[in-house]
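Source file: target13.json (JSON, C-alpha atoms)
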[["chain", "number", "residue", "atom", "x", "y", "z"],
["A", 17, "MET", "CA", -77.04, -40.04, -15.08],
["A", 18, "GLU", "CA", -74.37, -39.18, -12.57],
["A", 19, "ARG", "CA", -72.84, -35.78, -12.69],
["A", 20, "THR", "CA", -69.08, -35.34, -12.22],
["A", 21, "LEU", "CA", -68.25, -33.50, -9.02],
["A", 22, "THR", "CA", -65.63, -31.13, -10.47],
["A", 23, "GLY", "CA", -64.74, -28.74, -7.70],
["A", 24, "THR", "CA", -67.48, -30.06, -5.41],
["A", 25, "ALA", "CA", -65.35, -32.51, -3.47],
["A", 26, "ALA", "CA", -62.86, -29.78, -2.66],
["A", 27, "SER", "CA", -65.60, -27.34, -1.71],
["A", 28, "GLY", "CA", -66.80, -26.49, 1.73],
["A", 29, "PRO", "CA", -70.15, -27.35, 3.16],
["A", 30, "THR", "CA", -71.86, -24.65, 1.14],
["A", 31, "GLY", "CA", -70.17, -25.57, -2.16],
["A", 32, "SER", "CA", -67.82, -22.55, -2.14],
["A", 33, "PRO", "CA", -64.09, -23.16, -2.63],
["A", 34, "PRO", "CA", -61.93, -23.14, 0.48],
["A", 35, "PRO", "CA", -60.12, -19.95, 1.34],
["A", 36, "GLU", "CA", -56.76, -21.16, 0.12],
["A", 37, "ALA", "CA", -58.17, -22.08, -3.31],
["A", 38, "HIS", "CA", -59.11, -18.49, -4.30],
["A", 39, "GLY", "CA", -57.09, -17.32, -7.29],
["A", 40, "LEU", "CA", -55.95, -20.81, -8.32],
["A", 41, "LEU", "CA", -56.89, -22.70, -11.48],
["A", 42, "ASP", "CA", -58.16, -26.27, -11.48],
["A", 43, "GLY", "CA", -55.88, -28.85, -13.07],
["A", 44, "VAL", "CA", -52.79, -26.58, -13.34],
["A", 45, "PRO", "CA", -49.87, -28.09, -11.42],
["A", 46, "ARG", "CA", -47.12, -26.24, -9.55],
["A", 47, "GLN", "CA", -49.08, -23.11, -8.79],
["A", 48, "ARG", "CA", -47.79, -20.69, -6.22],
["A", 49, "GLY", "CA", -48.78, -21.29, -2.64],
["A", 50, "PRO", "CA", -51.31, -19.18, -0.77],
["A", 51, "ALA", "CA", -50.38, -15.58, -0.09],
["A", 52, "PRO", "CA", -49.38, -14.93, 3.51],
["A", 53, "ASP", "CA", -52.02, -13.46, 5.73],
["A", 54, "PRO", "CA", -51.16, -9.78, 6.30],
["A", 55, "GLY", "CA", -52.80, -9.94, 9.71],
["A", 56, "GLY", "CA", -50.89, -13.02, 10.81],
["A", 57, "PRO", "CA", -47.53, -13.16, 12.53],
["A", 58, "ALA", "CA", -44.57, -12.21, 10.34],
["A", 59, "ALA", "CA", -42.04, -14.86, 9.48],
["A", 60, "PRO", "CA", -38.88, -14.55, 11.57],
["A", 61, "GLU", "CA", -35.97, -13.06, 9.67],
["A", 62, "PRO", "CA", -32.84, -15.16, 9.46],
["A", 63, "HIS", "CA", -30.38, -14.13, 12.12],
["A", 64, "SER", "CA", -26.83, -13.57, 10.91],
["A", 65, "PRO", "CA", -24.10, -14.15, 13.47],
["A", 66, "PRO", "CA", -22.22, -11.02, 14.51],
["A", 67, "ARG", "CA", -18.92, -10.47, 12.78],
["A", 68, "ASP", "CA", -15.82, -10.57, 14.88],
["A", 69, "ARG", "CA", -13.94, -7.30, 14.90],
["A", 70, "PRO", "CA", -10.38, -7.62, 13.64],
["A", 71, "ARG", "CA", -8.00, -7.71, 16.54],
["A", 72, "PRO", "CA", -4.95, -5.44, 16.49],
["A", 73, "ARG", "CA", -1.79, -7.27, 15.56],
["A", 74, "PRO", "CA", 1.27, -5.34, 16.77],
["A", 75, "TRP", "CA", 3.65, -7.73, 15.02],
["A", 76, "HIS", "CA", 2.34, -6.47, 11.66],
["A", 77, "LEU", "CA", 4.20, -3.22, 12.32],
["A", 78, "LEU", "CA", 7.51, -5.01, 11.68],
["A", 79, "PRO", "CA", 8.61, -6.80, 8.51],
["A", 80, "THR", "CA", 8.33, -10.55, 8.09],
["A", 81, "PRO", "CA", 9.93, -12.77, 5.44],
["A", 82, "THR", "CA", 6.56, -13.88, 4.04],
["A", 83, "GLY", "CA", 4.37, -10.80, 4.53],
["A", 84, "THR", "CA", 6.90, -8.11, 3.56],
["A", 85, "PRO", "CA", 9.86, -9.85, 1.92],
["A", 86, "PHE", "CA", 11.38, -6.72, 0.34],
["A", 87, "THR", "CA", 11.50, -4.80, 3.61],
["A", 88, "PHE", "CA", 12.59, -7.82, 5.63],
["A", 89, "PHE", "CA", 15.57, -8.84, 3.49],
["A", 90, "TYR", "CA", 16.58, -5.24, 2.84],
["A", 91, "ALA", "CA", 16.59, -4.67, 6.61],
["A", 92, "ALA", "CA", 18.76, -7.77, 7.01],
["A", 93, "VAL", "CA", 21.30, -6.33, 4.56],
["A", 94, "LEU", "CA", 21.30, -3.01, 6.43],
["A", 95, "ALA", "CA", 21.85, -4.86, 9.69],
["A", 96, "VAL", "CA", 24.94, -6.52, 8.23],
["A", 97, "THR", "CA", 26.41, -3.29, 6.86],
["A", 98, "SER", "CA", 25.65, -1.49, 10.13],
["A", 99, "TYR", "CA", 27.49, -4.24, 12.00],
["A", 100, "VAL", "CA", 30.46, -3.77, 9.69],
["A", 101, "THR", "CA", 30.38, -0.01, 10.30],
["A", 102, "ALA", "CA", 30.34, -0.51, 14.07],
["A", 103, "HIS", "CA", 33.06, -3.17, 14.29],
["A", 104, "ALA", "CA", 35.42, -2.66, 11.33],
["A", 105, "GLY", "CA", 38.41, -0.36, 11.45],
["A", 106, "THR", "CA", 37.98, 3.35, 10.82],
["A", 107, "ALA", "CA", 40.11, 3.29, 7.67],
["A", 108, "VAL", "CA", 38.13, 0.36, 6.22],
["A", 109, "VAL", "CA", 34.77, 2.00, 6.93],
["A", 110, "GLN", "CA", 35.95, 5.29, 5.45],
["A", 111, "LEU", "CA", 37.09, 3.55, 2.30],
["A", 112, "LEU", "CA", 33.77, 1.67, 1.94],
["A", 113, "HIS", "CA", 31.76, 4.85, 2.39],
["A", 114, "GLU", "CA", 33.88, 6.81, -0.06],
["A", 115, "ASN", "CA", 33.52, 4.14, -2.73],
["A", 116, "SER", "CA", 29.75, 4.06, -2.15],
["A", 117, "SER", "CA", 29.30, 7.82, -2.20],
["A", 118, "THR", "CA", 26.94, 9.25, -4.81],
["A", 119, "ASP", "CA", 29.06, 12.32, -5.42],
["A", 120, "VAL", "CA", 29.44, 13.90, -8.84],
["A", 121, "ALA", "CA", 32.73, 12.14, -9.57],
["A", 122, "HIS", "CA", 31.30, 8.66, -8.92],
["A", 123, "LEU", "CA", 28.03, 9.42, -10.70],
["A", 124, "LEU", "CA", 29.92, 10.42, -13.84],
["A", 125, "ARG", "CA", 32.09, 7.30, -13.71],
["A", 126, "ALA", "CA", 29.65, 4.54, -12.63],
["A", 127, "PRO", "CA", 26.15, 5.90, -11.92],
["A", 128, "VAL", "CA", 24.19, 2.64, -11.54],
["A", 129, "PRO", "CA", 26.63, 0.72, -9.28],
["A", 130, "VAL", "CA", 27.21, 3.68, -7.01],
["A", 131, "MET", "CA", 23.49, 4.38, -6.72],
["A", 132, "ALA", "CA", 22.96, 0.79, -5.55],
["A", 133, "ALA", "CA", 25.98, 0.80, -3.23],
["A", 134, "SER", "CA", 25.01, 4.05, -1.51],
["A", 135, "ALA", "CA", 21.65, 2.54, -0.48],
["A", 136, "LEU", "CA", 23.40, -0.27, 1.43],
["A", 137, "TRP", "CA", 24.53, 1.97, 4.29],
["A", 138, "VAL", "CA", 22.81, 3.90, 7.04],
["A", 139, "ALA", "CA", 24.23, 7.36, 7.64],
["A", 140, "GLY", "CA", 24.56, 7.73, 11.39],
["A", 141, "GLY", "CA", 24.60, 4.01, 12.11],
["A", 142, "ILE", "CA", 21.95, 1.71, 13.49],
["A", 143, "THR", "CA", 20.79, 4.37, 15.99],
["A", 144, "SER", "CA", 19.69, 6.74, 13.24],
["A", 145, "PRO", "CA", 15.97, 7.64, 13.36],
["A", 146, "PHE", "CA", 15.76, 6.70, 9.70],
["A", 147, "VAL", "CA", 16.28, 3.04, 10.70],
["A", 148, "LEU", "CA", 13.05, 3.05, 12.70],
["A", 149, "GLY", "CA", 11.34, 4.96, 9.89],
["A", 150, "PHE", "CA", 12.59, 2.40, 7.40],
["A", 151, "LEU", "CA", 11.14, -0.52, 9.37],
["A", 152, "LEU", "CA", 7.75, 1.01, 10.16],
["A", 153, "VAL", "CA", 7.09, 3.00, 6.99],
["A", 154, "LEU", "CA", 8.26, 0.47, 4.43],
["A", 155, "THR", "CA", 6.48, -2.36, 6.26],
["A", 156, "ALA", "CA", 3.19, -0.44, 6.23],
["A", 157, "LEU", "CA", 3.66, 0.55, 2.60],
["A", 158, "GLU", "CA", 4.55, -2.96, 1.44],
["A", 159, "ARG", "CA", 1.55, -4.50, 3.22],
["A", 160, "ARG", "CA", -0.67, -2.16, 1.21],
["A", 161, "VAL", "CA", 0.90, -2.06, -2.24],
["A", 162, "GLY", "CA", 3.25, -5.04, -2.39],
["A", 163, "GLY", "CA", 7.00, -5.39, -2.54],
["A", 164, "ALA", "CA", 7.51, -4.38, -6.18],
["A", 165, "ARG", "CA", 5.82, -1.00, -5.84],
["A", 166, "THR", "CA", 7.41, -0.35, -2.47],
["A", 167, "ALA", "CA", 10.82, -0.94, -4.03],
["A", 168, "GLY", "CA", 9.83, 1.31, -6.92],
["A", 169, "VAL", "CA", 8.90, 4.18, -4.58],
["A", 170, "PHE", "CA", 12.10, 3.75, -2.57],
["A", 171, "VAL", "CA", 14.37, 3.62, -5.62],
["A", 172, "LEU", "CA", 12.57, 6.52, -7.30],
["A", 173, "GLY", "CA", 13.01, 8.75, -4.27],
["A", 174, "HIS", "CA", 16.63, 7.66, -3.78],
["A", 175, "VAL", "CA", 17.62, 8.28, -7.40],
["A", 176, "LEU", "CA", 15.70, 11.49, -8.12],
["A", 177, "ALA", "CA", 16.65, 13.18, -4.85],
["A", 178, "THR", "CA", 20.30, 12.22, -5.37],
["A", 179, "LEU", "CA", 20.32, 13.63, -8.89],
["A", 180, "GLY", "CA", 18.41, 16.70, -7.73],
["A", 181, "THR", "CA", 21.15, 17.52, -5.22],
["A", 182, "GLU", "CA", 24.29, 16.40, -7.07],
["A", 183, "VAL", "CA", 23.57, 17.76, -10.54],
["A", 184, "PRO", "CA", 23.43, 21.38, -9.28],
["A", 185, "VAL", "CA", 26.74, 20.78, -7.50],
["A", 186, "GLY", "CA", 28.34, 19.59, -10.72],
["A", 187, "LEU", "CA", 26.97, 22.57, -12.64],
["A", 188, "ALA", "CA", 28.18, 24.98, -9.95],
["A", 189, "VAL", "CA", 31.68, 23.48, -10.13],
["A", 190, "LEU", "CA", 31.57, 23.70, -13.93],
["A", 191, "VAL", "CA", 30.85, 27.44, -13.92],
["A", 192, "GLY", "CA", 33.31, 28.13, -11.11],
["A", 193, "HIS", "CA", 30.94, 28.84, -8.21],
["A", 194, "LEU", "CA", 32.20, 25.85, -6.18],
["A", 195, "PRO", "CA", 35.70, 24.35, -5.83],
["A", 196, "ASP", "CA", 36.65, 21.05, -7.43],
["A", 197, "SER", "CA", 36.64, 19.39, -4.01],
["A", 198, "SER", "CA", 32.81, 19.55, -4.10],
["A", 199, "LEU", "CA", 32.87, 16.82, -6.75],
["A", 200, "HIS", "CA", 33.95, 14.35, -4.05],
["A", 201, "ARG", "CA", 31.39, 15.19, -1.38],
["A", 202, "LEU", "CA", 30.55, 12.18, 0.83],
["A", 203, "ASP", "CA", 26.91, 11.23, 0.21],
["A", 204, "TYR", "CA", 25.34, 7.84, 1.01],
["A", 205, "GLY", "CA", 22.45, 6.35, 2.99],
["A", 206, "ILE", "CA", 18.78, 5.33, 2.85],
["A", 207, "SER", "CA", 17.23, 8.59, 4.03],
["A", 208, "PHE", "CA", 16.05, 9.73, 0.57],
["A", 209, "GLY", "CA", 14.24, 6.44, -0.02],
["A", 210, "VAL", "CA", 12.63, 6.53, 3.42],
["A", 211, "ALA", "CA", 11.43, 10.12, 2.90],
["A", 212, "ALA", "CA", 9.85, 9.14, -0.43],
["A", 213, "SER", "CA", 8.18, 6.15, 1.23],
["A", 214, "VAL", "CA", 6.70, 8.41, 3.92],
["A", 215, "GLY", "CA", 5.20, 10.62, 1.21],
["A", 216, "ALA", "CA", 3.77, 7.63, -0.66],
["A", 217, "LEU", "CA", 2.33, 6.02, 2.48],
["A", 218, "ALA", "CA", 0.58, 9.26, 3.44],
["A", 219, "GLY", "CA", -1.48, 9.02, 0.26],
["A", 220, "LEU", "CA", -2.92, 5.70, 1.43],
["A", 221, "LEU", "CA", -4.00, 6.98, 4.85],
["A", 222, "THR", "CA", -7.32, 8.59, 5.74],
["A", 223, "PRO", "CA", -7.35, 12.41, 5.41],
["A", 224, "TRP", "CA", -7.47, 12.99, 9.17],
["A", 225, "LEU", "CA", -4.21, 11.05, 9.49],
["A", 226, "ARG", "CA", -2.59, 11.88, 6.13],
["A", 227, "TRP", "CA", -2.19, 15.61, 6.58],
["A", 228, "PRO", "CA", -0.84, 15.49, 10.17],
["A", 229, "VAL", "CA", 1.78, 12.94, 9.05],
["A", 230, "LEU", "CA", 2.87, 15.17, 6.17],
["A", 231, "ALA", "CA", 2.82, 18.26, 8.38],
["A", 232, "VAL", "CA", 4.91, 16.69, 11.15],
["A", 233, "PHE", "CA", 7.44, 15.00, 8.88],
["A", 234, "GLY", "CA", 7.69, 17.96, 6.52],
["A", 235, "GLY", "CA", 8.09, 20.29, 9.50],
["A", 236, "MET", "CA", 11.00, 18.20, 10.78],
["A", 237, "LEU", "CA", 12.69, 18.38, 7.38],
["A", 238, "LEU", "CA", 12.18, 22.14, 7.18],
["A", 239, "HIS", "CA", 13.60, 22.56, 10.68],
["A", 240, "ASP", "CA", 16.74, 20.65, 9.65],
["A", 241, "LEU", "CA", 17.02, 22.76, 6.50],
["A", 242, "LEU", "CA", 16.80, 26.03, 8.44],
["A", 243, "ALA", "CA", 19.41, 24.77, 10.90],
["A", 244, "LEU", "CA", 21.91, 24.60, 7.99],
["A", 245, "THR", "CA", 23.54, 21.44, 9.34],
["A", 246, "ASP", "CA", 23.68, 19.79, 5.88],
["A", 247, "PRO", "CA", 21.66, 21.94, 3.44],
["A", 248, "LEU", "CA", 22.25, 19.72, 0.41],
["A", 249, "SER", "CA", 20.99, 16.57, 2.12],
["A", 250, "ASN", "CA", 18.11, 18.49, 3.72],
["A", 251, "TRP", "CA", 17.00, 19.73, 0.32],
["A", 252, "GLY", "CA", 17.24, 16.15, -0.91],
["A", 253, "HIS", "CA", 14.91, 14.95, 1.85],
["A", 254, "LEU", "CA", 12.28, 17.52, 0.85],
["A", 255, "MET", "CA", 12.65, 16.51, -2.81],
["A", 256, "ALA", "CA", 12.24, 12.84, -1.89],
["A", 257, "LEU", "CA", 9.12, 13.62, 0.13],
["A", 258, "ALA", "CA", 7.68, 15.45, -2.89],
["A", 259, "VAL", "CA", 8.53, 12.45, -5.08],
["A", 260, "GLY", "CA", 6.60, 10.19, -2.73],
["A", 261, "VAL", "CA", 3.58, 12.49, -2.82],
["A", 262, "ALA", "CA", 3.76, 12.49, -6.63],
["A", 263, "THR", "CA", 3.36, 8.68, -6.62],
["A", 264, "TRP", "CA", -0.09, 8.84, -4.98],
["A", 265, "PRO", "CA", -2.06, 8.00, -8.16],
["A", 266, "TRP", "CA", 0.23, 5.02, -8.75],
["A", 267, "VAL", "CA", 0.20, 3.56, -5.22],
["A", 268, "ARG", "CA", -3.51, 4.29, -4.71],
["A", 269, "ARG", "CA", -4.40, 2.36, -7.85],
["A", 270, "ARG", "CA", -2.47, -0.63, -6.55],
["A", 271, "GLY", "CA", -3.63, -0.18, -2.95],
["A", 272, "SER", "CA", -7.32, -0.20, -3.97],
["A", 273, "VAL", "CA", -7.05, -3.56, -5.70],
["A", 274, "GLY", "CA", -8.79, -6.12, -3.53],
["A", 275, "VAL", "CA", -10.87, -9.20, -3.99],
["A", 276, "ARG", "CA", -13.10, -8.41, -6.91],
["A", 277, "GLU", "CA", -16.54, -9.91, -7.25],
["A", 278, "ARG", "CA", -16.88, -12.02, -10.36],
["A", 279, "VAL", "CA", -19.32, -10.50, -12.82],
["A", 280, "PRO", "CA", -21.24, -13.21, -14.71],
["A", 281, "HIS", "CA", -21.22, -13.23, -18.48],
["A", 282, "PRO", "CA", -24.42, -11.88, -20.13],
["A", 283, "ARG", "CA", -25.22, -15.38, -21.40],
["A", 284, "GLU", "CA", -24.86, -16.73, -17.88],
["A", 285, "ARG", "CA", -27.17, -14.04, -16.56],
["A", 286, "SER", "CA", -29.80, -14.76, -19.21],
["A", 287, "GLY", "CA", -29.52, -18.48, -18.54],
["A", 288, "ALA", "CA", -29.99, -17.92, -14.82],
["A", 289, "VAL", "CA", -33.10, -15.80, -15.44],
["A", 290, "SER", "CA", -34.55, -18.37, -17.81],
["A", 291, "ALA", "CA", -33.94, -21.15, -15.34],
["A", 292, "SER", "CA", -35.60, -19.22, -12.55],
["A", 293, "ARG", "CA", -38.76, -18.84, -14.65],
["A", 294, "LEU", "CA", -39.14, -22.53, -15.28],
["A", 295, "PRO", "CA", -42.06, -24.12, -13.41]]
Please lay out the structure from this file as structure tokens.
Amino acid sequence: MERTLTGTAASGPTGSPPPEAHGLLDGVPRQRGPAPDPGGPAAPEPHSPPRDRPRPRPWHLLPTPTGTPFTFFYAAVLAVTSYVTAHAGTAVVQLLHENSSTDVAHLLRAPVPVMAASALWVAGGITSPFVLGFLLVLTALERRVGGARTAGVFVLGHVLATLGTEVPVGLAVLVGHLPDSSLHRLDYGISFGVAASVGALAGLLTPWLRWPVLAVFGGMLLHDLLALTDPLSNWGHLMALAVGVATWPWVRRRGSVGVRERVPHPRERSGAVSASRLP
């Protein structure tokens, strides 16, 4: 009677199983392949192409209508009002500035309209250093946190610093320490909003750059305050800078939002594990 040759046909000359058959079971399909020989050559690792380093883009320092719409269109409005200041008659410009002044008298009569109107002009004209600060600082801030939060920082600094300088004037007039003419002090411009934006942007920079920026800008504001050229406005600039620093938790939370990796649902994870265990 013939004997079945189970395992004999796959055996070597001496009847022993071939080397690659050790550890495998007869008749069981889809078994794992042979273990790699530790003494053999290692499999080549997949080579990933080198990543291109991001190239510097100088044009990102200036606002664009699509990348930084708030800064771009606000700068366009300031360009128009600065043109009016440079080319209109002296009496017309004086009247416009007086009606846009955030003095105590106007704040008591129409606080919201005068707050908005005062931020449409540049004190000192288009050659003011705050114009360059507006373009560079607000562009950098908006590219990091978006237009809505940039506008929020600017408006917050503009409003709080204005109130912080004008309310004491009104109280001083009320108690008789200042004359009534102080209620009509000429006060307008974007400098408070720019100072707050500098403070907010510093919170998004690396520490080795953040503290020098604050030290240099704060030192300039202190120098102007000690020079006593316009103490009330100089105090307002320092207040606005402090307001911008106070917004760090807010702007950092928005600035850290990036492309988040999608976390699979627990059922999806369990399904993926089960599928990977299928033969």
Exercise for the section: Quote the spacing between CA of Leu154 in chain A and CA of Thr87 in chain A in Å to one decimal place. Expected result: 6.2 Å
Practice task
Considering all atoms listed in the file, state which residue in the set A:Val147, A:Val232, A:Ala135, A:Leu94 is at the smallest distance from Phe170 in chain A.
Solution key: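 Of the candidates, the smallest distance to Phe170 in chain A is held by A:Ala135.
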Practice task
Could you please determine the separation between CA of Phe86 in chain A and CA of Leu238 in chain A in Å, to one decimal place?
Solution key: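 Taking CA of Phe86 in chain A and CA of Leu238 in chain A, their separation equals 29.7 Å.
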Exercise for the section: Go ahead and compute the interatomic distance for CA of Val261 in chain A and CA of Leu221 in chain A, in Å to one decimal. Expected result: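 Straight-line distance from CA of Val261 in chain A to CA of Leu221 in chain A works out to 12.1 Å.
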Handout entry: Of the listed residues A:Thr245, A:Thr80, A:Thr166, A:Thr178, that which approaches Val214 in chain A most closely, counting all atoms listed in the file
Key =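 Closest residue, counting all atoms listed in the file: A:Thr166.
In this comparison, which uses all atoms listed in the file, the residue of A:Met255, A:Leu244, A:Ile142, A:Leu123 approaching Ala102 in chain A most closely is A:Ile142.
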Exercise for the section: Return the single residue from A:Phe233, A:Phe88, A:Trp266, A:Trp251 that is closest to Leu152 in chain A, with distances computed using only C-alpha atoms. Expected result: A:Phe88
Handout entry: Nearest residue to Ala211 in chain A from the set A:Ala243, A:Val185, A:Leu254, A:Val171 (distances using only C-alpha atoms)
Key = A:Leu254
Exercise for the section: Extract, using only C-alpha atoms, all DNA, RNA and protein residues at most 12 Å from Gly234 in chain A, discarding same-chain residues fewer than 3 positions from it, and format them as a VMD selection string. Expected result: chain A and resid 211 to 212 214 to 215 218 226 to 231 237 to 241 250 to 251 253 to 258 261
Handout entry: Contacts of Arg269 in chain A at 12 Å (only C-alpha atoms; same-chain gap of 4+ positions) as a list in words
Key =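 Surrounding residues, per the criterion: Arg160, Val161, Gly162, Arg165, Gly219, Leu220, Thr263, Trp264, Pro265, Val273 and Gly274 of chain A.
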